[in-house]
file final-v2.cif (mmCIF, C-alpha atoms, pLDDT in the B column; chains and numbers go by the auth columns)
data_query
#
loop_
_atom_site.group_PDB
_atom_site.id
_atom_site.type_symbol
_atom_site.label_atom_id
_atom_site.label_comp_id
_atom_site.label_asym_id
_atom_site.label_seq_id
_atom_site.Cartn_x
_atom_site.Cartn_y
_atom_site.Cartn_z
_atom_site.B_iso_or_equiv
_atom_site.auth_seq_id
_atom_site.auth_asym_id
ATOM 1 C CA MET A 1 -50.620 -92.715 104.996 86.00 28 A
ATOM 2 C CA ASN A 2 -52.302 -90.484 107.567 92.00 29 A
ATOM 3 C CA ASP A 3 -54.669 -88.823 105.090 95.00 30 A
ATOM 4 C CA PHE A 4 -57.836 -89.754 107.006 96.00 31 A
ATOM 5 C CA ASP A 5 -56.528 -88.777 110.455 96.00 32 A
ATOM 6 C CA PHE A 6 -58.580 -85.560 110.167 96.00 33 A
ATOM 7 C CA LEU A 7 -61.761 -87.651 110.281 97.00 34 A
ATOM 8 C CA ALA A 8 -61.193 -89.154 113.739 97.00 35 A
ATOM 9 C CA GLY A 9 -63.850 -87.937 116.150 97.00 36 A
ATOM 10 C CA HIS A 10 -67.520 -86.990 116.187 98.00 37 A
ATOM 11 C CA TRP A 11 -69.217 -85.079 113.360 98.00 38 A
ATOM 12 C CA ASN A 12 -72.557 -83.485 112.539 98.00 39 A
ATOM 13 C CA VAL A 13 -73.383 -83.998 108.888 98.00 40 A
ATOM 14 C CA VAL A 14 -75.652 -82.123 106.480 98.00 41 A
ATOM 15 C CA ASN A 15 -76.558 -84.449 103.599 98.00 42 A
ATOM 16 C CA ARG A 16 -77.902 -83.385 100.219 98.00 43 A
ATOM 17 C CA ARG A 17 -78.838 -86.259 97.935 96.00 44 A
ATOM 18 C CA LEU A 18 -80.216 -86.045 94.431 96.00 45 A
ATOM 19 C CA VAL A 19 -83.603 -87.798 94.492 95.00 46 A
ATOM 20 C CA LYS A 20 -83.230 -89.388 91.022 94.00 47 A
ATOM 21 C CA PRO A 21 -79.584 -89.536 89.894 93.00 48 A
ATOM 22 C CA LEU A 22 -78.802 -89.577 86.173 92.00 49 A
ATOM 23 C CA SER A 23 -82.402 -88.711 85.275 91.00 50 A
ATOM 24 C CA GLY A 24 -82.052 -85.008 84.566 89.00 51 A
ATOM 25 C CA SER A 25 -83.859 -84.189 87.805 89.00 52 A
ATOM 26 C CA ALA A 26 -82.686 -81.289 89.964 91.00 53 A
ATOM 27 C CA GLU A 27 -84.706 -82.313 93.055 95.00 54 A
ATOM 28 C CA TRP A 28 -82.568 -82.662 96.173 97.00 55 A
ATOM 29 C CA ASP A 29 -83.377 -84.235 99.546 96.00 56 A
ATOM 30 C CA GLU A 30 -81.618 -82.673 102.550 97.00 57 A
ATOM 31 C CA PHE A 31 -81.298 -84.580 105.826 97.00 58 A
ATOM 32 C CA PRO A 32 -79.075 -84.734 108.937 98.00 59 A
ATOM 33 C CA GLY A 33 -76.480 -87.283 109.920 97.00 60 A
ATOM 34 C CA ARG A 34 -74.130 -88.066 112.779 98.00 61 A
ATOM 35 C CA SER A 35 -70.784 -89.730 112.289 98.00 62 A
ATOM 36 C CA VAL A 36 -68.093 -91.191 114.529 98.00 63 A
ATOM 37 C CA ALA A 37 -64.701 -92.061 113.037 98.00 64 A
ATOM 38 C CA THR A 38 -61.660 -93.810 114.446 98.00 65 A
ATOM 39 C CA ARG A 39 -58.057 -94.187 113.355 97.00 66 A
ATOM 40 C CA HIS A 40 -56.221 -97.548 113.250 97.00 67 A
ATOM 41 C CA PHE A 41 -52.865 -99.134 112.263 96.00 68 A
ATOM 42 C CA GLY A 42 -50.989 -95.914 113.042 95.00 69 A
ATOM 43 C CA GLY A 43 -53.027 -93.993 110.481 95.00 70 A
ATOM 44 C CA ALA A 44 -53.054 -96.673 107.750 97.00 71 A
ATOM 45 C CA ALA A 45 -56.718 -97.509 108.406 97.00 72 A
ATOM 46 C CA SER A 46 -59.846 -95.541 109.209 97.00 73 A
ATOM 47 C CA PHE A 47 -63.329 -96.617 110.256 97.00 74 A
ATOM 48 C CA ASP A 48 -66.488 -94.567 110.560 97.00 75 A
ATOM 49 C CA GLU A 49 -70.125 -95.178 111.282 97.00 76 A
ATOM 50 C CA ILE A 50 -72.764 -92.738 110.126 97.00 77 A
ATOM 51 C CA GLU A 51 -76.389 -92.592 111.230 97.00 78 A
ATOM 52 C CA PHE A 52 -79.181 -90.949 109.257 96.00 79 A
ATOM 53 C CA PRO A 53 -81.808 -90.548 112.015 96.00 80 A
ATOM 54 C CA THR A 54 -84.619 -89.230 109.786 96.00 81 A
ATOM 55 C CA LYS A 55 -84.046 -91.945 107.170 95.00 82 A
ATOM 56 C CA GLY A 56 -83.994 -94.991 109.427 93.00 83 A
ATOM 57 C CA PHE A 57 -80.704 -96.433 108.208 93.00 84 A
ATOM 58 C CA SER A 58 -76.999 -96.200 108.904 96.00 85 A
ATOM 59 C CA GLY A 59 -73.748 -97.184 107.284 96.00 86 A
ATOM 60 C CA LEU A 60 -70.076 -97.677 107.837 97.00 87 A
ATOM 61 C CA THR A 61 -66.897 -97.190 105.855 97.00 88 A
ATOM 62 C CA VAL A 62 -63.633 -99.085 106.234 97.00 89 A
ATOM 63 C CA ARG A 63 -60.580 -97.438 104.655 98.00 90 A
ATOM 64 C CA VAL A 64 -57.241 -99.209 104.280 98.00 91 A
ATOM 65 C CA TYR A 65 -53.988 -97.728 102.950 97.00 92 A
ATOM 66 C CA ASP A 66 -51.707 -99.664 100.581 97.00 93 A
ATOM 67 C CA PRO A 67 -48.175 -98.314 101.216 96.00 94 A
ATOM 68 C CA VAL A 68 -46.744 -99.899 98.049 97.00 95 A
ATOM 69 C CA ALA A 69 -49.353 -98.426 95.669 97.00 96 A
ATOM 70 C CA ARG A 70 -49.775 -95.343 97.908 97.00 97 A
ATOM 71 C CA THR A 71 -53.553 -95.586 97.526 98.00 98 A
ATOM 72 C CA TRP A 72 -56.552 -96.019 99.763 98.00 99 A
ATOM 73 C CA SER A 73 -59.300 -98.611 99.293 98.00 100 A
ATOM 74 C CA LEU A 74 -62.690 -97.586 100.703 98.00 101 A
ATOM 75 C CA TYR A 75 -65.378 -100.171 101.485 97.00 102 A
ATOM 76 C CA TRP A 76 -69.016 -99.371 102.368 95.00 103 A
ATOM 77 C CA ALA A 77 -71.670 -101.326 104.218 95.00 104 A
ATOM 78 C CA GLY A 78 -75.204 -100.073 104.733 92.00 105 A
ATOM 79 C CA SER A 79 -77.752 -101.319 107.229 93.00 106 A
ATOM 80 C CA ALA A 80 -80.379 -101.516 104.474 88.00 107 A
ATOM 81 C CA GLN A 81 -78.249 -103.900 102.386 86.00 108 A
ATOM 82 C CA GLY A 82 -76.807 -105.887 105.289 87.00 109 A
ATOM 83 C CA ALA A 83 -73.574 -106.638 103.417 88.00 110 A
ATOM 84 C CA LEU A 84 -70.090 -105.210 102.920 89.00 111 A
ATOM 85 C CA ASP A 85 -69.524 -103.938 99.379 89.00 112 A
ATOM 86 C CA THR A 86 -66.288 -105.683 98.428 87.00 113 A
ATOM 87 C CA SER A 87 -65.753 -103.569 95.310 91.00 114 A
ATOM 88 C CA PRO A 88 -63.705 -100.690 96.743 96.00 115 A
ATOM 89 C CA MET A 89 -63.377 -97.082 95.746 97.00 116 A
ATOM 90 C CA VAL A 90 -59.641 -96.588 95.189 98.00 117 A
ATOM 91 C CA GLY A 91 -57.638 -93.380 95.144 98.00 118 A
ATOM 92 C CA ALA A 92 -55.370 -90.972 96.967 98.00 119 A
ATOM 93 C CA PHE A 93 -55.034 -87.507 98.447 97.00 120 A
ATOM 94 C CA ASP A 94 -53.135 -84.641 96.899 96.00 121 A
ATOM 95 C CA GLY A 95 -52.887 -82.050 99.646 95.00 122 A
ATOM 96 C CA ASN A 96 -56.301 -81.480 101.220 96.00 123 A
ATOM 97 C CA ARG A 97 -58.230 -83.147 98.359 97.00 124 A
ATOM 98 C CA GLY A 98 -58.738 -86.872 97.848 97.00 125 A
ATOM 99 C CA GLU A 99 -60.238 -88.528 94.753 98.00 126 A
ATOM 100 C CA PHE A 100 -61.442 -92.124 94.710 98.00 127 A
ATOM 101 C CA TYR A 101 -62.923 -94.110 91.813 98.00 128 A
ATOM 102 C CA GLY A 102 -64.895 -97.302 91.407 97.00 129 A
ATOM 103 C CA GLU A 103 -68.092 -98.809 90.045 95.00 130 A
ATOM 104 C CA GLU A 104 -71.640 -98.418 91.309 91.00 131 A
ATOM 105 C CA THR A 105 -75.106 -99.529 90.231 89.00 132 A
ATOM 106 C CA CYS A 106 -77.733 -96.893 89.424 87.00 133 A
ATOM 107 C CA ASP A 107 -81.206 -98.034 88.343 86.00 134 A
ATOM 108 C CA GLY A 108 -79.826 -101.471 87.532 86.00 135 A
ATOM 109 C CA ARG A 109 -77.016 -100.124 85.321 89.00 136 A
ATOM 110 C CA GLN A 110 -73.294 -100.149 86.054 91.00 137 A
ATOM 111 C CA VAL A 111 -71.862 -96.613 86.230 94.00 138 A
ATOM 112 C CA ARG A 112 -68.497 -95.099 87.083 96.00 139 A
ATOM 113 C CA CYS A 113 -68.430 -93.555 90.564 97.00 140 A
ATOM 114 C CA ARG A 114 -66.202 -90.856 92.062 98.00 141 A
ATOM 115 C CA PHE A 115 -65.783 -89.731 95.675 97.00 142 A
ATOM 116 C CA VAL A 116 -64.101 -86.419 96.440 98.00 143 A
ATOM 117 C CA TRP A 117 -62.988 -85.572 99.974 98.00 144 A
ATOM 118 C CA THR A 118 -62.043 -81.961 100.697 97.00 145 A
ATOM 119 C CA VAL A 119 -60.599 -81.036 104.085 96.00 146 A
ATOM 120 C CA ALA A 120 -61.225 -77.338 104.745 91.00 147 A
ATOM 121 C CA ASP A 121 -59.711 -77.206 108.231 88.00 148 A
ATOM 122 C CA ASP A 122 -59.637 -79.200 111.478 87.00 149 A
ATOM 123 C CA GLY A 123 -63.361 -78.656 112.051 94.00 150 A
ATOM 124 C CA THR A 124 -64.946 -78.935 108.584 97.00 151 A
ATOM 125 C CA ALA A 125 -64.765 -81.321 105.652 97.00 152 A
ATOM 126 C CA ARG A 126 -66.833 -82.229 102.603 98.00 153 A
ATOM 127 C CA TRP A 127 -67.541 -85.503 100.829 98.00 154 A
ATOM 128 C CA GLU A 128 -69.105 -85.662 97.366 98.00 155 A
ATOM 129 C CA GLN A 129 -70.290 -88.579 95.272 97.00 156 A
ATOM 130 C CA ALA A 130 -70.733 -88.333 91.506 97.00 157 A
ATOM 131 C CA PHE A 131 -71.771 -90.797 88.781 97.00 158 A
ATOM 132 C CA SER A 132 -70.692 -90.982 85.154 96.00 159 A
ATOM 133 C CA ARG A 133 -72.355 -92.916 82.349 93.00 160 A
ATOM 134 C CA ASP A 134 -69.595 -92.057 79.846 93.00 161 A
ATOM 135 C CA ASP A 135 -66.571 -93.571 81.635 92.00 162 A
ATOM 136 C CA GLY A 136 -65.626 -90.365 83.411 93.00 163 A
ATOM 137 C CA ARG A 137 -65.860 -87.792 80.628 95.00 164 A
ATOM 138 C CA THR A 138 -68.726 -86.075 82.461 95.00 165 A
ATOM 139 C CA TRP A 139 -69.886 -86.371 86.070 96.00 166 A
ATOM 140 C CA GLU A 140 -73.149 -85.675 87.897 96.00 167 A
ATOM 141 C CA THR A 141 -72.763 -84.984 91.615 97.00 168 A
ATOM 142 C CA ASN A 142 -75.611 -86.799 93.389 97.00 169 A
ATOM 143 C CA TRP A 143 -74.729 -86.716 97.092 97.00 170 A
ATOM 144 C CA THR A 144 -72.834 -84.252 99.269 98.00 171 A
ATOM 145 C CA MET A 145 -72.028 -84.375 102.960 97.00 172 A
ATOM 146 C CA ASP A 146 -70.852 -81.263 104.771 98.00 173 A
ATOM 147 C CA LEU A 147 -69.211 -82.324 108.029 98.00 174 A
ATOM 148 C CA THR A 148 -68.752 -80.105 111.072 98.00 175 A
ATOM 149 C CA ARG A 149 -66.907 -81.364 114.117 97.00 176 A
ATOM 150 C CA ALA A 150 -69.335 -82.000 116.990 96.00 177 A
#
call {"tool": "encode", "arguments": {"input": "final-v2.cif", "output": "structure tokens"}}
result
Amino acid sequence: MNDFDFLAGHWNVVNRRLVKPLSGSAEWDEFPGRSVATRHFGGAASFDEIEFPTKGFSGLTVRVYDPVARTWSLYWAGSAQGALDTSPMVGAFDGNRGEFYGEETCDGRQVRCRFVWTVADDGTARWEQAFSRDDGRTWETNWTMDLTRA
């Protein structure tokens, strides 16, 4: 239940985002971020806000643990959309690696989405997002965040 406890605190974030996902393009955009995360419900919930100062938008993630299913549900809201995405990414950690799956829209088409969290140590972590058009047989990573404790 305490899988996201590592995230509590302040982070500097290096973002790399694929400019045109699922298009065959290999052009990446790199930009900074700053994140602040907090722990709630004794470790069964996590909240973070991330700012992208050079992009002019921010976002937040709410994570809630289901002790019966032993899974996390992750919900995203972005300042550009102005709404909470109520279709969660759902998954769990195995050791220092967490995998979460859900649906996303890319260029107007529904695609499978995967988040991977990797906790390297107390001061560094990595988040990756990937899309799949073939129901998870193949994945294209389209966004990475390398976090360093501030």
call {"tool": "residues_near_point", "arguments": {"input": "final-v2.cif", "point": "(-50.6, -97.8, 112.5)", "cutoff": "12 Å", "atoms": "all atoms listed in the file", "output": "PyMOL selection string"}}
result
chain A and resi 28-29+32+65-73+91-92+94
call {"tool": "write_last_selection", "arguments": {"input": "final-v2.cif", "atoms": "C-alpha atoms", "output": "PDB file, in the frame of the given file"}}
result
ATOM      1  CA  MET A  28     -50.620 -92.715 104.996  1.00 86.00           C
ATOM      2  CA  ASN A  29     -52.302 -90.484 107.567  1.00 92.00           C
ATOM      3  CA  ASP A  32     -56.528 -88.777 110.455  1.00 96.00           C
ATOM      4  CA  THR A  65     -61.660 -93.810 114.446  1.00 98.00           C
ATOM      5  CA  ARG A  66     -58.057 -94.187 113.355  1.00 97.00           C
ATOM      6  CA  HIS A  67     -56.221 -97.548 113.250  1.00 97.00           C
ATOM      7  CA  PHE A  68     -52.865 -99.134 112.263  1.00 96.00           C
ATOM      8  CA  GLY A  69     -50.989 -95.914 113.042  1.00 95.00           C
ATOM      9  CA  GLY A  70     -53.027 -93.993 110.481  1.00 95.00           C
ATOM     10  CA  ALA A  71     -53.054 -96.673 107.750  1.00 97.00           C
ATOM     11  CA  ALA A  72     -56.718 -97.509 108.406  1.00 97.00           C
ATOM     12  CA  SER A  73     -59.846 -95.541 109.209  1.00 97.00           C
ATOM     13  CA  VAL A  91     -57.241 -99.209 104.280  1.00 98.00           C
ATOM     14  CA  TYR A  92     -53.988 -97.728 102.950  1.00 97.00           C
ATOM     15  CA  PRO A  94     -48.175 -98.314 101.216  1.00 96.00           C
TER      16      PRO A  94
END
call {"tool": "resolve_selection", "arguments": {"input": "final-v2.cif", "expression": "the PyMOL selection byres ((chain A and resi 34) around 10)", "output": "list in words"}}
result
Asp30, Phe31, Asp32, Phe33, Ala35, Gly36, His37, Trp38, Ser62, Val63, Ala64, Thr65, Arg66, Ser73, Phe74, Asp75, Val146, Asp149, Gly150, Thr151, Ala152, Leu174 and Arg176 of chain A
call {"tool": "write_last_selection", "arguments": {"input": "final-v2.cif", "atoms": "C-alpha atoms", "output": "tab-separated table (two decimals), in the coordinates of the input"}}
result
chain	number	residue	atom	x	y	z
A	30	ASP	CA	-54.67	-88.82	105.09
A	31	PHE	CA	-57.84	-89.75	107.01
A	32	ASP	CA	-56.53	-88.78	110.46
A	33	PHE	CA	-58.58	-85.56	110.17
A	35	ALA	CA	-61.19	-89.15	113.74
A	36	GLY	CA	-63.85	-87.94	116.15
A	37	HIS	CA	-67.52	-86.99	116.19
A	38	TRP	CA	-69.22	-85.08	113.36
A	62	SER	CA	-70.78	-89.73	112.29
A	63	VAL	CA	-68.09	-91.19	114.53
A	64	ALA	CA	-64.70	-92.06	113.04
A	65	THR	CA	-61.66	-93.81	114.45
A	66	ARG	CA	-58.06	-94.19	113.36
A	73	SER	CA	-59.85	-95.54	109.21
A	74	PHE	CA	-63.33	-96.62	110.26
A	75	ASP	CA	-66.49	-94.57	110.56
A	146	VAL	CA	-60.60	-81.04	104.08
A	149	ASP	CA	-59.64	-79.20	111.48
A	150	GLY	CA	-63.36	-78.66	112.05
A	151	THR	CA	-64.95	-78.94	108.58
A	152	ALA	CA	-64.76	-81.32	105.65
A	174	LEU	CA	-69.21	-82.32	108.03
A	176	ARG	CA	-66.91	-81.36	114.12
call {"tool": "residues_around", "arguments": {"input": "final-v2.cif", "residues": "stretch 163-173 of chain A", "least_positions_apart": "5", "cutoff": "9 Å", "atoms": "all atoms listed in the file", "output": "list of chain:residue names"}}
result
A:Asn39, A:Val40, A:Val41, A:Asn42, A:Arg43, A:Arg44, A:Leu45, A:Val46, A:Lys47, A:Pro48, A:Leu49, A:Trp55, A:Gly60, A:Arg139, A:Cys140, A:Arg141, A:Thr151, A:Ala152, A:Arg153, A:Trp154, A:Glu155, A:Gln156, A:Ala157, A:Phe158
call {"tool": "write_last_selection", "arguments": {"input": "final-v2.cif", "atoms": "C-alpha atoms", "output": "mmCIF file, in the coordinates of the input"}}
result
data_model
loop_
_atom_site.group_PDB
_atom_site.id
_atom_site.type_symbol
_atom_site.label_atom_id
_atom_site.label_comp_id
_atom_site.auth_asym_id
_atom_site.auth_seq_id
_atom_site.Cartn_x
_atom_site.Cartn_y
_atom_site.Cartn_z
ATOM 1 C CA ASN A 39 -72.557 -83.485 112.539
ATOM 2 C CA VAL A 40 -73.383 -83.998 108.888
ATOM 3 C CA VAL A 41 -75.652 -82.123 106.480
ATOM 4 C CA ASN A 42 -76.558 -84.449 103.599
ATOM 5 C CA ARG A 43 -77.902 -83.385 100.219
ATOM 6 C CA ARG A 44 -78.838 -86.259 97.935
ATOM 7 C CA LEU A 45 -80.216 -86.045 94.431
ATOM 8 C CA VAL A 46 -83.603 -87.798 94.492
ATOM 9 C CA LYS A 47 -83.230 -89.388 91.022
ATOM 10 C CA PRO A 48 -79.584 -89.536 89.894
ATOM 11 C CA LEU A 49 -78.802 -89.577 86.173
ATOM 12 C CA TRP A 55 -82.568 -82.662 96.173
ATOM 13 C CA GLY A 60 -76.480 -87.283 109.920
ATOM 14 C CA ARG A 139 -68.497 -95.099 87.083
ATOM 15 C CA CYS A 140 -68.430 -93.555 90.564
ATOM 16 C CA ARG A 141 -66.202 -90.856 92.062
ATOM 17 C CA THR A 151 -64.946 -78.935 108.584
ATOM 18 C CA ALA A 152 -64.765 -81.321 105.652
ATOM 19 C CA ARG A 153 -66.833 -82.229 102.603
ATOM 20 C CA TRP A 154 -67.541 -85.503 100.829
ATOM 21 C CA GLU A 155 -69.105 -85.662 97.366
ATOM 22 C CA GLN A 156 -70.290 -88.579 95.272
ATOM 23 C CA ALA A 157 -70.733 -88.333 91.506
ATOM 24 C CA PHE A 158 -71.771 -90.797 88.781
#
call {"tool": "residues_around", "arguments": {"input": "final-v2.cif", "residues": "A:Leu101", "least_positions_apart": "2", "cutoff": "7 Å", "atoms": "all atoms listed in the file", "output": "list in words"}}
result
Thr88, Val89, Arg90, Val91, Trp99, Trp103, Pro115, Met116 and Val117 of chain A
call {"tool": "atom_distance", "arguments": {"input": "final-v2.cif", "atom1": "atom CA of A:Asp161", "atom2": "atom CA of A:Thr145"}}
result
24.4 Å
call {"tool": "resolve_selection", "arguments": {"input": "final-v2.cif", "expression": "the PyMOL selection byres ((chain A and resi 107) around 9)", "output": "list in words"}}
result
Gly83, Phe84, Ser85, Gly86, Ala104, Gly105, Ser106, Gln108, Gly109 and Ala110 of chain A
call {"tool": "atom_distance", "arguments": {"input": "final-v2.cif", "atom1": "atom CA of A:Thr98", "atom2": "atom CA of A:Glu126"}}
result
10.1 Å
call {"tool": "axis_aligned_box", "arguments": {"input": "final-v2.cif", "around": "stretch 143-159 of chain A", "padding_each_side": "6 Å", "output": "JSON"}}
result
{"center_x": -65.7, "center_y": -84.1, "center_z": 98.6, "size_x": 24.1, "size_y": 25.8, "size_z": 38.9}
call {"tool": "atom_distance", "arguments": {"input": "final-v2.cif", "atom1": "atom CA of A:Arg136", "atom2": "atom CA of A:Ser114"}}
result
15.4 Å
call {"tool": "closest_residue", "arguments": {"input": "final-v2.cif", "among": "A:Ser50, A:Thr175, A:Asn123, A:Thr81", "to": "A:Ser159", "atoms": "only C-alpha atoms"}}
result
A:Ser50
